[in-house]
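In what follows, a structure is listed as structure tokens, so that the remarks can point back to it.
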Amino acid sequence: MSFIDEVKIHVKAGDGGPGCVSFRREKFVPRGGPNGGDGGAGGDVFIQVSPHLSTLYDLRLHPHQKAKSGSNGMGADRHGASGEDLVILVPQGTIIKDVETGEILADLTETDQRLLFLKGGRGGQGNARFATSTNKAPRFAQPGEPGEERWIRLELKLMADVGLLGFPSVGKSSLITKVSAARPKIADYPFTTLKPHLGVVAYKNYRTFVMADIPGIIEGAHGGAGLGQRFLRHVERTRILLHLLDPCRTHDSDPIRDFETLNRELALFNPDLAEKPQIIVVNKLDLPDVRDLLPAIEPYFRERGMVVFSVSAASGEGIPELLDEIARHLWGKAEEEEW
């Protein structure tokens with residue numbers, strides 16, 4: 001299944017059923033009078049968060065969503081059945097926007113959150129409703145009212161506690177694979193992940209937190225370079241950022257320059273992103289060249305009050321200490337239980 005985080009769909013509530021024009025006709029009952037029933041109400045449209053979804057893929061395949069219309073009224077004072085409601089399931093973190101104005105209509109961030117989005121049309125009244133002392137045989141009934149409808153854009157922002165940030169090929173996918181059950185593509189050649197991955201990290205004392213591998217962030221991303229703005233918005237939901245650095249990413253890599261470049265992109269996209277807590281992680285500690293470069297990297301961050309964590313996503317070295325630091329940011333302290 002493809003990861004789809006943005007779709008445009010047309011949503012329509014059900015139309016109300018028309019009322020019925022009917023007259024009572026029974027043997028030995030002259031002038032039986034009107035007995036047309038009311039039409040049924042159209043179904044409403046609800047949008048509900050589903051914990052089982054992580055993409056808008058299904059809605060990309062079905063961009064027209066419509067609730068059932070109400071049934072027609074019938075003779076003998078029989079009312080039409082109401083139309084069945086439509087429930088549109090979306091992942092947690094979905095934002096609903098009006099296509100024309102860009103206005104945010106709803107932000108679905110709570111588990112199992114349910115929103116009544118569009119109301120179905122009312123059913124029309126049958127001619128029995130219009131009988132009066134001066135009009136005992138009305139020959140008209142109301143049509144049903146149309147249901148509400150609109151074009152909307154759904155945008156997904158991943159709900160995660162920790163976001164992995166870094167240039168392509170610094171080891172984000174390897175790290176999330178090491179600490180969780182997420183299985184993004186990993187290769188021994190330079191490439192960038194093309195979709196975010198969520199992984200649930202099991203910590204001590206049965207605590208867990210959600211980690212997201214955010215791809216596509218490069219220089220110029222705030223203006224749309226690479227995968228650009230498509231994935232920058234996923235960083236907005238995270239509580240803290242793990243900024244991964246690889247001193248040997250390329251032959252002329254400068255991890256400090258990489259750090260400053262990506263933070264500049266965050267600030268240009270949304271100034272609040274640059275203020276998020278960051279944990280600096282130098283990856284690929286299993287490589288001798290990385291160990292040799294650490295003394296030249298650490299003073300820059302120490303001057304800014306940041307601690308550098310050195311890890312190897314391949315061997316697991318330094319991972320427990322890193323998870324303890326994440327726990328201190330999320331819950332105020334690391335757990336006492338041993339690994």
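Ligands are numbered from 1 in the order shown, residues from 1 within each chain, and chains are lettered A, B, ... in the order they appear in the structure tokens.
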
(request) May I have the residues within 7 Å of segment 2-16 of chain A as a ChimeraX atom specification, using only C-alpha atoms and disregarding those fewer than 2 positions away in the same chain? (result) /A:18,39-45,55-57,60,63-70,83,118-124,144-156,195

Which residues come within 9 Å of Ala141 of chain A, counting only C-alpha atoms, excluding same-chain residues fewer than 3 positions away, as a PDB file with N, CA, C and O atoms, in the first residue's frame?
ATOM      1  N   PRO A  18     -38.649  12.625  -1.112  1.00  0.00           N
ATOM      2  CA  PRO A  18     -39.856  13.455  -1.289  1.00  0.00           C
ATOM      3  C   PRO A  18     -41.053  12.861  -0.557  1.00  0.00           C
ATOM      4  O   PRO A  18     -41.166  11.638  -0.382  1.00  0.00           O
ATOM      5  N   GLY A  19     -41.980  13.751  -0.125  1.00  0.00           N
ATOM      6  CA  GLY A  19     -43.238  13.297   0.465  1.00  0.00           C
ATOM      7  C   GLY A  19     -44.159  12.726  -0.607  1.00  0.00           C
ATOM      8  O   GLY A  19     -43.944  12.915  -1.812  1.00  0.00           O
ATOM      9  N   CYS A  20     -45.175  12.050  -0.158  1.00  0.00           N
ATOM     10  CA  CYS A  20     -46.065  11.331  -1.080  1.00  0.00           C
ATOM     11  C   CYS A  20     -47.433  12.024  -1.157  1.00  0.00           C
ATOM     12  O   CYS A  20     -47.952  12.513  -0.137  1.00  0.00           O
ATOM     13  N   VAL A  21     -47.996  12.070  -2.372  1.00  0.00           N
ATOM     14  CA  VAL A  21     -49.385  12.523  -2.561  1.00  0.00           C
ATOM     15  C   VAL A  21     -50.236  11.268  -2.728  1.00  0.00           C
ATOM     16  O   VAL A  21     -50.077  10.517  -3.696  1.00  0.00           O
ATOM     17  N   GLY A  36     -50.791  10.601   2.376  1.00  0.00           N
ATOM     18  CA  GLY A  36     -49.402  10.517   1.891  1.00  0.00           C
ATOM     19  C   GLY A  36     -48.396  10.691   3.020  1.00  0.00           C
ATOM     20  O   GLY A  36     -48.480  11.638   3.815  1.00  0.00           O
ATOM     21  N   ASP A  38     -44.423  10.994   4.844  1.00  0.00           N
ATOM     22  CA  ASP A  38     -43.242  11.858   4.690  1.00  0.00           C
ATOM     23  C   ASP A  38     -42.073  11.067   4.101  1.00  0.00           C
ATOM     24  O   ASP A  38     -41.946   9.851   4.291  1.00  0.00           O
ATOM     25  N   GLY A 124     -39.185  15.411   2.679  1.00  0.00           N
ATOM     26  CA  GLY A 124     -40.359  16.252   2.410  1.00  0.00           C
ATOM     27  C   GLY A 124     -41.601  15.698   3.096  1.00  0.00           C
ATOM     28  O   GLY A 124     -41.740  14.485   3.312  1.00  0.00           O
ATOM     29  N   GLN A 125     -42.524  16.589   3.441  1.00  0.00           N
ATOM     30  CA  GLN A 125     -43.768  16.169   4.091  1.00  0.00           C
ATOM     31  C   GLN A 125     -44.784  15.705   3.049  1.00  0.00           C
ATOM     32  O   GLN A 125     -44.907  16.273   1.968  1.00  0.00           O
ATOM     33  N   GLY A 126     -45.502  14.642   3.411  1.00  0.00           N
ATOM     34  CA  GLY A 126     -46.545  14.142   2.534  1.00  0.00           C
ATOM     35  C   GLY A 126     -47.797  15.005   2.598  1.00  0.00           C
ATOM     36  O   GLY A 126     -47.941  15.874   3.474  1.00  0.00           O
ATOM     37  N   ASN A 127     -48.749  14.743   1.667  1.00  0.00           N
ATOM     38  CA  ASN A 127     -49.921  15.623   1.606  1.00  0.00           C
ATOM     39  C   ASN A 127     -50.832  15.488   2.820  1.00  0.00           C
ATOM     40  O   ASN A 127     -51.664  16.356   3.090  1.00  0.00           O
ATOM     41  N   ALA A 128     -50.678  14.401   3.608  1.00  0.00           N
ATOM     42  CA  ALA A 128     -51.484  14.273   4.822  1.00  0.00           C
ATOM     43  C   ALA A 128     -51.184  15.402   5.802  1.00  0.00           C
ATOM     44  O   ALA A 128     -52.032  15.786   6.608  1.00  0.00           O
ATOM     45  N   ARG A 129     -49.982  15.947   5.735  1.00  0.00           N
ATOM     46  CA  ARG A 129     -49.578  17.024   6.656  1.00  0.00           C
ATOM     47  C   ARG A 129     -50.277  18.348   6.336  1.00  0.00           C
ATOM     48  O   ARG A 129     -50.325  19.248   7.190  1.00  0.00           O
ATOM     49  N   PHE A 130     -50.801  18.478   5.131  1.00  0.00           N
ATOM     50  CA  PHE A 130     -51.314  19.782   4.697  1.00  0.00           C
ATOM     51  C   PHE A 130     -52.843  19.846   4.691  1.00  0.00           C
ATOM     52  O   PHE A 130     -53.413  20.834   4.228  1.00  0.00           O
ATOM     53  N   PRO A 138     -55.529  18.154  -0.131  1.00  0.00           N
ATOM     54  CA  PRO A 138     -54.357  18.766  -0.772  1.00  0.00           C
ATOM     55  C   PRO A 138     -53.711  17.808  -1.764  1.00  0.00           C
ATOM     56  O   PRO A 138     -53.524  16.629  -1.465  1.00  0.00           O
TER      57      PRO A 138
END

(request) Could you check which of A:Ile176, A:Ala313, A:Ile279, A:Val308 is closest to Leu242 of chain A, using only C-alpha atoms? (result)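 With only C-alpha atoms as the atom set, the closest residue is A:Ile279.
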
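As for atom CA of Phe309 of chain A and atom CA of Val290 of chain A, they are spaced 12.5 Å apart.
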
(request) Work out how far atom CA of Met74 of chain A is from atom CA of Phe46 of chain A, in Å to one decimal. (result) 28.6 Å

Determine which residues of segment 30-64 of chain A receive a DSSP assignment of helix (DSSP H, G or I), computed from the backbone, and state them as a PDB file with N, CA, C and O atoms, in the first residue's frame.
ATOM      1  N   TYR A  57      -4.601   6.426   1.597  1.00  0.00           N
ATOM      2  CA  TYR A  57      -4.585   5.681   0.341  1.00  0.00           C
ATOM      3  C   TYR A  57      -5.996   5.314  -0.139  1.00  0.00           C
ATOM      4  O   TYR A  57      -6.317   5.467  -1.327  1.00  0.00           O
ATOM      5  N   ASP A  58      -6.849   4.831   0.746  1.00  0.00           N
ATOM      6  CA  ASP A  58      -8.201   4.400   0.344  1.00  0.00           C
ATOM      7  C   ASP A  58      -9.005   5.551  -0.245  1.00  0.00           C
ATOM      8  O   ASP A  58      -9.768   5.371  -1.196  1.00  0.00           O
ATOM      9  N   LEU A  59      -8.845   6.745   0.312  1.00  0.00           N
ATOM     10  CA  LEU A  59      -9.595   7.892  -0.194  1.00  0.00           C
ATOM     11  C   LEU A  59      -9.034   8.379  -1.523  1.00  0.00           C
ATOM     12  O   LEU A  59      -9.768   8.977  -2.314  1.00  0.00           O
ATOM     13  N   ARG A  60      -7.765   8.142  -1.792  1.00  0.00           N
ATOM     14  CA  ARG A  60      -7.214   8.456  -3.106  1.00  0.00           C
ATOM     15  C   ARG A  60      -7.905   7.590  -4.165  1.00  0.00           C
ATOM     16  O   ARG A  60      -8.170   8.048  -5.291  1.00  0.00           O
ATOM     17  N   LEU A  61      -8.239   6.360  -3.823  1.00  0.00           N
ATOM     18  CA  LEU A  61      -8.898   5.460  -4.759  1.00  0.00           C
ATOM     19  C   LEU A  61     -10.386   5.769  -4.918  1.00  0.00           C
ATOM     20  O   LEU A  61     -10.982   5.451  -5.948  1.00  0.00           O
TER      21      LEU A  61
END

(message) Which residues are close to Ile47 of chain A, i.e. within 12 Å by only C-alpha atoms, leaving aside same-chain residues fewer than 3 positions away? Reply as a ChimeraX atom specification.
(response) /A:11,13,44,50,65,67,85-92,94-96,105-108,112-118,152,154

(request) Would you list, as a ChimeraX atom specification, the residues of segment 68-302 of chain A that end up in strand (DSSP E or B) under DSSP run on this structure's backbone? (result) /A:74,78,86-90,94-98,104-108,114-118,149-156,162-165,197-202,208-213,240-245,278-282

(request) Would you list the contacts of Pro196 of chain A as a VMD selection string, taking every protein, DNA or RNA residue within 7 Å and counting only C-alpha atoms, but skipping same-chain residues closer than 2 positions in sequence? (result) chain A and resid 198 212 to 215
